[in-house]
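Asks: Attaching a single structure in structure tokens format; questions to follow.
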Amino acid sequence: MKQHLARILIGLAITFFFTGHAARIYQVGIINQLDSIIYDARLRLTMPGRSDPRIVILDIDEKSLGEIGQWPWSRNVMARLMDKLFDQYKVAQVGFDIVWAERDSSSGMEVLDALARQDLKDAPGFQAAYRKLRPGLDHDGIFAASIKGRPVVLGYYFNGEENAVRVNAIPEPVLPKDTFAGRSVAFARWNGYTGNLAIYLKNAAAAGHFNPLVDDDGVSRRVPMILEYDGVYYEPFSLAMVRAHVAVETGNFPKVEPGFPAGQLQPGEYGGMEWIRVGPYTIPVDVEAAALIPYRGPKGTFAYVSLTDVLNDRVKPAALSGKIALVGTTAPGLQDLRSTPVGSVFPGVEIHANMIAGIINHGLKQQPAYMLGAEVLLVLAGGAALSLLIPILSALWGTLVAAAGLALVCGLNLLVWSAADLVLPLATSILMTAFLYTMNMAYGYFVESRSKRQFTELFGQYVPPELVDRMASDPKKYSMEPKAAELTILFSDVRGFTNISEALKPEELREYINEYLTDMSGIIRLKYNGTLDKYIGDAIMAFWGAPVEDPQHARNGVLAGLAMQKECEVLNAKFTARGWPTLRIGVGLNSGNVRVGDMGSQVRRAYTVMGDAVNVASRLEGRTKYYGVGILVGEATRDIVKDVIFREIDRIKVKGKDEAVAIFEPIGLKADVGAQTLEELELWDQVLRAYRAGQWDLAESAVARVQLRRPGHELYSLYAERVAAFRRTPPPAGWGGVTTFDEK
């Protein structure tokens with residue numbers, strides 16, 4: 001036993017490490033990611049694959065838009081829909097996966113109201129006709145009247161942004177303040193909301209929020225059954241639908257009753273909520289008061305009926321009679337799409353349908369707080385057993401014991417999933433077993449490989465060689481494990497490379513691109529200490545801040561981009577002397593929180609970065625040509641770098657982002673930018689202010705003044721064209737100077 005002591009101790013250390021993760025003392029991102037993958041796989045393997053026949057989705061699809069018209073439809077059309085659904089088709093209840101946040105002005109009633117109050121207030125004939133016509137033109141009132149006294153549930157959503165505002169009205173909370181006083185519940189909290197018009201909310205039976213709990217990988221697996229806002233508590237849309245369903249069945253609208261562990265709460269004991277009871281239904285919740293979404297199948301599992309067929313009497317009454325009807329959309333441009341375990345593109349309305357079906361069928365999986373203790377015990381006992389057994393066994397028997405342990409853990413996990421509807425995390429046990437087995441089988445190799453050479457071989461696969469020596473001096477400080485980090489990412493690309501390649505012979509093109517990439521890589525790696533991620537043809541991707549931390553990552557990235565533009569002038573002088581085409585490059589930079597580490601497939605892996613900030617940097621590079629500038633940086637990068645002068649270029653909406661972002665062009669270090677350039681930038685700021693305020697005369701004169709300083713500047717010409725176009729066709733109200741790109 002003594003000769004195996006080192007391996008046993010290492011094994012126990014591994015066991016304690018994974019036990020710490022299981023006990024939530026700390027969290028390892030890759031284990032959580034693997035747990036999510038395993039959860040999704042179990043869900044797909046065991047889901048029933050069929051819909052609940054009591055639920056139907058009324059679809060605002062392309063067919064409906066083609067026949068009825070552009071969305072949003074007039075509210076009198078929606079009122080007619082309500083009458084048909086309840087009076088003709090006899091639906092049990094209706095829920096709207098839509099927020100009615102704006103008044104319907106399609107009837108022209110607001111114009112008549114203004115005339116009645118002002119210009120024609122003393123015209124008896126007009127006033128008489130006005131009083132007669134107005135009720136029929138009040139589409140909002142007509143729609144509100146059509147839902148009054150009927151089991152209609154509305155939806156709304158909360159906003160988590162710091163400066164979020166309150167728009168319209170939301171329902172009364174389902175639980176009052178201090179309901180959970182002295183208890184530990186990690187409720188999702190929000191800062192604002194967008195609700196429905198008060199006239200609708202007043203006449204609806206109930207309303208619930210649409211907010212899911214999106215996991216770190218962007219997948220919707222849970223819905224908060226209780227959400228805290230401003231100290232009180234609100235229910236989700238699916239729960240509001242279930243309560244309305246109980247009211248239809250029993251005649252009484254049930255209360256939301258939180259459930260807590262039995263007995264007197266002791267110091268240090270978990271005192272959170274474990275379930276919610278609504279009438280005959282008990283809904284298990286986790287430590288964040290959320291319930292797992294019981295997906296029944298892929299997109300389209302539930303029955304969809306086109307709304308235009310309902311309005312035009314093309315649906316058999318039996319298809320809707322007694323049904324729980326959810327009004328949602330799948331039309332392109334209107335889709336509320338989510339990433340889910342059963343599909344990366346999944347309609348939000350069908351998530352509600354799955355949640356409602358799971359509740360009324362008592363089919364929810366549960367992950368109560370005590371499962372944490374069960375996982376800790378399983379990991380600790382299993383890890384200790386393997387740590388003691390594998391070192392004293394032969395390689396064959398050690399392999400068999402590890403395989404048997406893994407099979408036992410997986411079998412137990414599937415048993416509690418299927419028989420008890422309990423979700424027990426599995427990734428920690430799998431990874432721990434794999435680590436223990438690998439450590440024991442490769443112990444001799446790793447012991448003999450404690451050297452700088454081995455460290456260099458490991459990191460040299462991913463990291464620029466010039467950083468390896470620095471990292472090798474303190475190898476414990478660095479890890480290839482994916483992690484979240486604040487980095488700056490750079491993309492650059494040669495403009496018109498196809499024309500360049502056609503103008504050169506193959507051997508000349510090779511020399512051309514090699515010289516370009518060599519010079520640019522030297523700027524990134526040697527001068528500004530960046531990590532060169534990859535070449536993509538003639539394009540370059542690089543980042544700053546990992547694996548070696550760089551507090552000046554944004555500044556170094558911006559200065560590298562400026563240096564690359566200057567280096568183009570040096571290269572062009574050489575290329576022109578050889579009779580080769582000159583080159584121009586576009587550079588995009590953005591800073592933000594990303595995932596960085598060893599990522600890829602079993603075939604090929606790389607030390608790289610992934611995340612929203614990476615995508616934005618790539619798109620900024622792609623927009624440099626459009627704006628006629630050499631470099632574009634995101635707002636986050638501009639905010640970090642304090643000693644560089646920037647020119648604001650535009651506010652844009654990019655693919656995958658709901659909010660507009662400001663983009664900027666770095667001009668140079670403050671110490672290097674002359675007075676004339678600063679005066680030009682001040683004139684440019686006047687252009688932007690007038691342009692965004694819709695003051696076209698002022699914008700036109702400001703553009704003309706700045707063009708006198710830089711004739712032929714592509715950016716100034718672009719804005720001159722925009723001003724002229726908006727003078728002819730003004731932008732819509734609330735436009736705010738935002739440019740939207742229709743990226744595919």
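Every chain in the structure tokens takes a letter, A first, then B, and so on in the order presented; its residues are numbered from 1, and the ligands are numbered from 1 following the presented order.
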As a list in words, please: every residue in stretch 646-743 of chain A that a backbone DSSP assignment puts in strand (DSSP E).

Replies: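 Here is the list: Phe646, Arg647, Glu648, Ile649, Asp650, Arg651, Ile652, Lys653, Val661, Ala662, Ile663, Phe664, Glu665, Pro666, Ile667, Gly668, Leu669, Val738, Thr739 and Thr740 of chain A.
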
Asks: In stretch 261-420 of chain A, what's helix (DSSP H, G or I) per DSSP? Answer as number ranges by chain?

Replies: A: 307-311, 317-319, 348-360, 370-392, 395-420

Asks: Would you list the contacts of A:Asn203 as a ChimeraX atom specification, taking every protein, DNA or RNA residue within 12 Å and counting only C-alpha atoms, but skipping same-chain residues closer than 4 positions in sequence?

Replies: /A:140-154,171,196-199,207

Asks: Kindly export the residues of the current selection with C-alpha atoms, as a compact mmCIF listing (two decimals), in the first residue's frame.

Replies:
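part.txt, freshly written:
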```txt
# COMPACT_ATOMS: atom_id res chain seq x y z
CA ASP A 140 -58.91 49.34 -28.34
CA GLY A 141 -62.19 49.57 -26.50
CA ILE A 142 -63.79 47.02 -28.82
CA PHE A 143 -60.96 44.54 -28.28
CA ALA A 144 -60.99 45.13 -24.52
CA ALA A 145 -64.72 44.50 -24.45
CA SER A 146 -64.25 41.27 -26.40
CA ILE A 147 -61.96 39.79 -23.72
CA LYS A 148 -63.94 41.04 -20.76
CA GLY A 149 -65.49 38.25 -18.73
CA ARG A 150 -63.67 35.61 -20.76
CA PRO A 151 -60.72 33.42 -19.70
CA VAL A 152 -58.14 35.40 -21.66
CA VAL A 153 -54.55 35.58 -20.39
CA LEU A 154 -52.12 38.29 -21.53
CA PRO A 171 -50.96 42.74 -13.09
CA ASN A 196 -50.05 45.80 -21.82
CA LEU A 197 -52.29 48.82 -22.18
CA ALA A 198 -54.24 49.30 -18.97
CA ILE A 199 -57.61 48.88 -20.73
CA ALA A 207 -51.44 38.02 -17.14
```

Asks: I'd like to know which of A:Val706, A:Leu43, A:Leu292, A:Leu436 is closest to A:Pro341, using only C-alpha atoms.

Replies: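 Counting only C-alpha atoms, the residue closest to A:Pro341 is A:Leu43.
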
Asks: Counting only C-alpha atoms, what is within 10 Å of A:Gly383, bar same-chain residues fewer than 5 positions away, as a list in words?

Replies: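 Result of the neighbour search: Gly11, Leu12, Ala13, Ile14, Thr15, Phe16, Phe18, Thr19, Leu377, Leu378, Leu388, Leu389, Gly405, Ser429, Met432, Thr433 and Leu436 of chain A.
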
Asks: Now that the selection is made, can you save its residues with all heavy atoms as a compact mmCIF listing (two decimals), in the first residue's frame?

Replies:
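Saved the output as result.txt:
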```
# COMPACT_ATOMS: atom_id res chain seq x y z
N GLY A 11 -5.40 10.73 -6.02
CA GLY A 11 -6.78 10.36 -6.29
C GLY A 11 -7.75 11.01 -5.33
O GLY A 11 -8.82 11.49 -5.73
N LEU A 12 -7.40 11.03 -4.06
CA LEU A 12 -8.27 11.68 -3.07
C LEU A 12 -8.34 13.18 -3.32
O LEU A 12 -9.41 13.80 -3.13
CB LEU A 12 -7.75 11.40 -1.66
CG LEU A 12 -7.90 9.95 -1.17
CD1 LEU A 12 -7.22 9.77 0.19
CD2 LEU A 12 -9.37 9.54 -1.09
N ALA A 13 -7.23 13.77 -3.75
CA ALA A 13 -7.25 15.20 -4.07
C ALA A 13 -8.20 15.47 -5.23
O ALA A 13 -8.97 16.45 -5.23
CB ALA A 13 -5.84 15.68 -4.41
N ILE A 14 -8.16 14.59 -6.24
CA ILE A 14 -9.09 14.72 -7.37
C ILE A 14 -10.53 14.58 -6.88
O ILE A 14 -11.43 15.34 -7.28
CB ILE A 14 -8.77 13.68 -8.45
CG1 ILE A 14 -7.43 13.99 -9.11
CG2 ILE A 14 -9.88 13.61 -9.49
CD1 ILE A 14 -6.94 12.91 -10.06
N THR A 15 -10.75 13.61 -6.00
CA THR A 15 -12.10 13.39 -5.46
C THR A 15 -12.60 14.62 -4.72
O THR A 15 -13.74 15.06 -4.90
CB THR A 15 -12.10 12.18 -4.51
OG1 THR A 15 -11.71 11.02 -5.23
CG2 THR A 15 -13.47 11.97 -3.90
N PHE A 16 -11.74 15.20 -3.88
CA PHE A 16 -12.15 16.39 -3.12
C PHE A 16 -12.40 17.58 -4.05
O PHE A 16 -13.28 18.40 -3.79
CB PHE A 16 -11.08 16.74 -2.09
CG PHE A 16 -10.96 15.73 -0.97
CD1 PHE A 16 -9.73 15.39 -0.44
CD2 PHE A 16 -12.10 15.10 -0.46
CE1 PHE A 16 -9.63 14.46 0.58
CE2 PHE A 16 -12.01 14.17 0.56
CZ PHE A 16 -10.78 13.84 1.08
N PHE A 18 -13.59 17.45 -7.18
CA PHE A 18 -14.91 17.30 -7.78
C PHE A 18 -16.02 17.39 -6.74
O PHE A 18 -17.13 17.86 -7.03
CB PHE A 18 -15.00 15.98 -8.56
CG PHE A 18 -14.30 16.03 -9.89
CD1 PHE A 18 -13.01 15.51 -10.04
CD2 PHE A 18 -14.90 16.60 -10.98
CE1 PHE A 18 -12.37 15.56 -11.26
CE2 PHE A 18 -14.27 16.66 -12.21
CZ PHE A 18 -12.99 16.14 -12.35
N THR A 19 -15.73 16.97 -5.52
CA THR A 19 -16.71 17.12 -4.44
C THR A 19 -16.97 18.60 -4.17
O THR A 19 -18.11 19.01 -3.91
CB THR A 19 -16.23 16.42 -3.16
OG1 THR A 19 -15.99 15.04 -3.43
CG2 THR A 19 -17.26 16.53 -2.06
N LEU A 377 -22.63 13.14 -1.73
CA LEU A 377 -22.38 11.82 -1.15
C LEU A 377 -21.95 10.82 -2.22
O LEU A 377 -21.03 10.02 -2.00
CB LEU A 377 -23.64 11.32 -0.43
CG LEU A 377 -23.99 12.03 0.88
CD1 LEU A 377 -25.32 11.51 1.42
CD2 LEU A 377 -22.88 11.81 1.91
N LEU A 378 -22.61 10.86 -3.37
CA LEU A 378 -22.28 9.93 -4.45
C LEU A 378 -20.86 10.16 -4.95
O LEU A 378 -20.08 9.21 -5.15
CB LEU A 378 -23.29 10.09 -5.58
CG LEU A 378 -23.19 9.11 -6.74
CD1 LEU A 378 -23.46 7.68 -6.27
CD2 LEU A 378 -24.17 9.47 -7.84
N LEU A 388 -8.87 4.33 -3.79
CA LEU A 388 -8.21 3.26 -3.03
C LEU A 388 -8.03 1.99 -3.85
O LEU A 388 -7.03 1.28 -3.69
CB LEU A 388 -9.03 2.94 -1.78
CG LEU A 388 -9.08 4.06 -0.72
CD1 LEU A 388 -10.10 3.69 0.36
CD2 LEU A 388 -7.71 4.29 -0.11
N LEU A 389 -8.98 1.68 -4.73
CA LEU A 389 -8.95 0.40 -5.45
C LEU A 389 -8.04 0.42 -6.67
O LEU A 389 -7.21 -0.49 -6.86
CB LEU A 389 -10.37 0.01 -5.87
CG LEU A 389 -11.29 -0.51 -4.76
CD1 LEU A 389 -12.70 -0.71 -5.30
CD2 LEU A 389 -10.75 -1.80 -4.18
N GLY A 405 -17.83 1.12 -12.12
CA GLY A 405 -18.25 2.27 -11.34
C GLY A 405 -19.01 3.27 -12.20
O GLY A 405 -20.05 3.82 -11.78
N SER A 429 -19.56 13.05 -11.69
CA SER A 429 -19.15 11.66 -11.47
C SER A 429 -18.41 11.10 -12.67
O SER A 429 -17.41 10.39 -12.53
CB SER A 429 -20.39 10.82 -11.16
OG SER A 429 -21.01 11.23 -9.96
N MET A 432 -14.95 12.81 -12.89
CA MET A 432 -14.08 12.37 -11.79
C MET A 432 -13.57 10.95 -12.06
O MET A 432 -12.37 10.66 -11.88
CB MET A 432 -14.85 12.41 -10.47
CG MET A 432 -14.00 11.98 -9.27
SD MET A 432 -14.98 11.83 -7.77
CE MET A 432 -16.04 10.43 -8.21
N THR A 433 -14.46 10.06 -12.49
CA THR A 433 -14.03 8.69 -12.80
C THR A 433 -13.00 8.68 -13.91
O THR A 433 -11.98 7.97 -13.84
CB THR A 433 -15.26 7.85 -13.20
OG1 THR A 433 -16.22 7.88 -12.14
CG2 THR A 433 -14.86 6.42 -13.48
N LEU A 436 -9.68 10.02 -12.50
CA LEU A 436 -9.01 9.05 -11.63
C LEU A 436 -8.39 7.92 -12.44
O LEU A 436 -7.25 7.51 -12.19
CB LEU A 436 -10.00 8.48 -10.61
CG LEU A 436 -10.46 9.45 -9.51
CD1 LEU A 436 -11.59 8.83 -8.70
CD2 LEU A 436 -9.29 9.81 -8.60
```

Asks: List the spatial neighbours of A:Gly592 as a CSV table (one decimal) with C-alpha atoms, in the first residue's frame - criterion: any atom at most 9 Å away, only C-alpha atoms, same-chain residues fewer than 6 positions off excluded.

Replies:
```csv
chain,number,residue,atom,x,y,z
A,485,ALA,CA,-12.4,36.5,-19.4
A,486,GLU,CA,-12.5,40.1,-20.4
A,487,LEU,CA,-10.5,40.3,-23.7
A,488,THR,CA,-10.1,42.4,-26.8
A,489,ILE,CA,-10.5,40.7,-30.1
A,611,GLY,CA,-18.7,34.7,-27.5
A,612,ASP,CA,-20.8,37.7,-28.5
A,613,ALA,CA,-17.9,40.1,-28.3
A,614,VAL,CA,-16.0,38.0,-30.9
A,636,ALA,CA,-16.8,48.8,-24.9
A,637,THR,CA,-13.3,49.2,-26.4
```

Asks: Between A:Asp538, A:Glu481, A:Gly668, A:Ile585, which has the minimum distance to A:Ala606 (counting only C-alpha atoms)?

Replies: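 Going through A:Asp538, A:Glu481, A:Gly668, A:Ile585 one by one, the smallest distance to A:Ala606 is for A:Glu481.
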
Asks: Excluding A:Tyr39 and any residue of its chain fewer than 3 positions from it, enumerate the residues within 9 Å of it, using only C-alpha atoms, and give them as an MDAnalysis selection string.

Replies: chainID A and resid 34:36 42:44 341 423 425:426

Asks: Given the selection you just returned, output its residues as a file containing N, CA, C and O atoms, formatted as a compact mmCIF listing (two decimals), in the first residue's frame.

Replies:
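Okay, result_16.txt is ready:
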```
# COMPACT_ATOMS: atom_id res chain seq x y z
N LEU A 34 -20.98 20.27 -19.50
CA LEU A 34 -21.20 18.85 -19.77
C LEU A 34 -22.50 18.38 -19.13
O LEU A 34 -23.24 17.57 -19.72
N ASP A 35 -22.81 18.87 -17.92
CA ASP A 35 -24.08 18.51 -17.28
C ASP A 35 -25.26 18.95 -18.13
O ASP A 35 -26.27 18.24 -18.23
N SER A 36 -25.14 20.13 -18.72
CA SER A 36 -26.22 20.61 -19.59
C SER A 36 -26.38 19.70 -20.80
O SER A 36 -27.50 19.37 -21.21
N ARG A 42 -30.61 13.20 -22.05
CA ARG A 42 -31.62 12.42 -21.33
C ARG A 42 -33.03 12.87 -21.70
O ARG A 42 -33.94 12.06 -21.87
N LEU A 43 -33.19 14.17 -21.79
CA LEU A 43 -34.51 14.71 -22.11
C LEU A 43 -34.96 14.24 -23.49
O LEU A 43 -36.11 13.79 -23.67
N ARG A 44 -34.07 14.32 -24.47
CA ARG A 44 -34.44 13.90 -25.83
C ARG A 44 -34.73 12.40 -25.90
O ARG A 44 -35.60 11.96 -26.66
N PRO A 341 -33.15 22.53 -25.57
CA PRO A 341 -32.50 21.21 -25.66
C PRO A 341 -32.99 20.38 -26.84
O PRO A 341 -32.32 19.43 -27.24
N VAL A 423 -33.84 14.95 -11.09
CA VAL A 423 -32.68 15.27 -11.92
C VAL A 423 -31.45 15.28 -11.03
O VAL A 423 -31.28 16.16 -10.18
N PRO A 425 -27.39 15.47 -11.12
CA PRO A 425 -26.26 15.77 -12.00
C PRO A 425 -25.35 14.56 -12.19
O PRO A 425 -25.13 13.79 -11.26
N LEU A 426 -24.81 14.43 -13.39
CA LEU A 426 -24.03 13.25 -13.72
C LEU A 426 -22.60 13.58 -14.17
O LEU A 426 -21.70 12.76 -14.03
```

Asks: Here is a test: counting only C-alpha atoms, which residue of A:Ala319, A:Val345, A:Met441, A:Ala291 is nearest to A:Ile359?

Replies: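 Smallest distance to A:Ile359 is found for A:Ala291.
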
Asks: Tell me, as a compact mmCIF listing (two decimals) with C-alpha atoms, in the first residue's frame, which residues lie within 7 Å of A:Tyr627, counting only C-alpha atoms; anything in the same chain fewer than 4 positions away does not count.

Replies:
```txt
# COMPACT_ATOMS: atom_id res chain seq x y z
CA ARG A 623 -18.50 47.23 -41.96
CA GLU A 714 -16.12 58.18 -48.10
CA LEU A 715 -17.69 58.57 -44.66
```

Asks: A:Tyr26, A:Asp97, A:Gly279, A:Ile500: which is nearest A:Thr330, counting only C-alpha atoms?

Replies: A:Asp97

Asks: Using only C-alpha atoms for the distances, tell me which of A:Pro53, A:Pro212, A:Gly736, A:Gly343 is nearest to A:Ser321.

Replies: A:Pro53

Asks: Hey, which of A:Glu274, A:Glu102, A:Asp336, A:Glu648 ends up closest to A:Thr194? Count only C-alpha atoms.

Replies: A:Glu102

Asks: At what distance in Å, to one decimal, does atom CA of A:Leu632 lie from atom CA of A:Val687?

Replies: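 So the two atoms, atom CA of A:Val687 and atom CA of A:Leu632, lie 18.7 Å apart.
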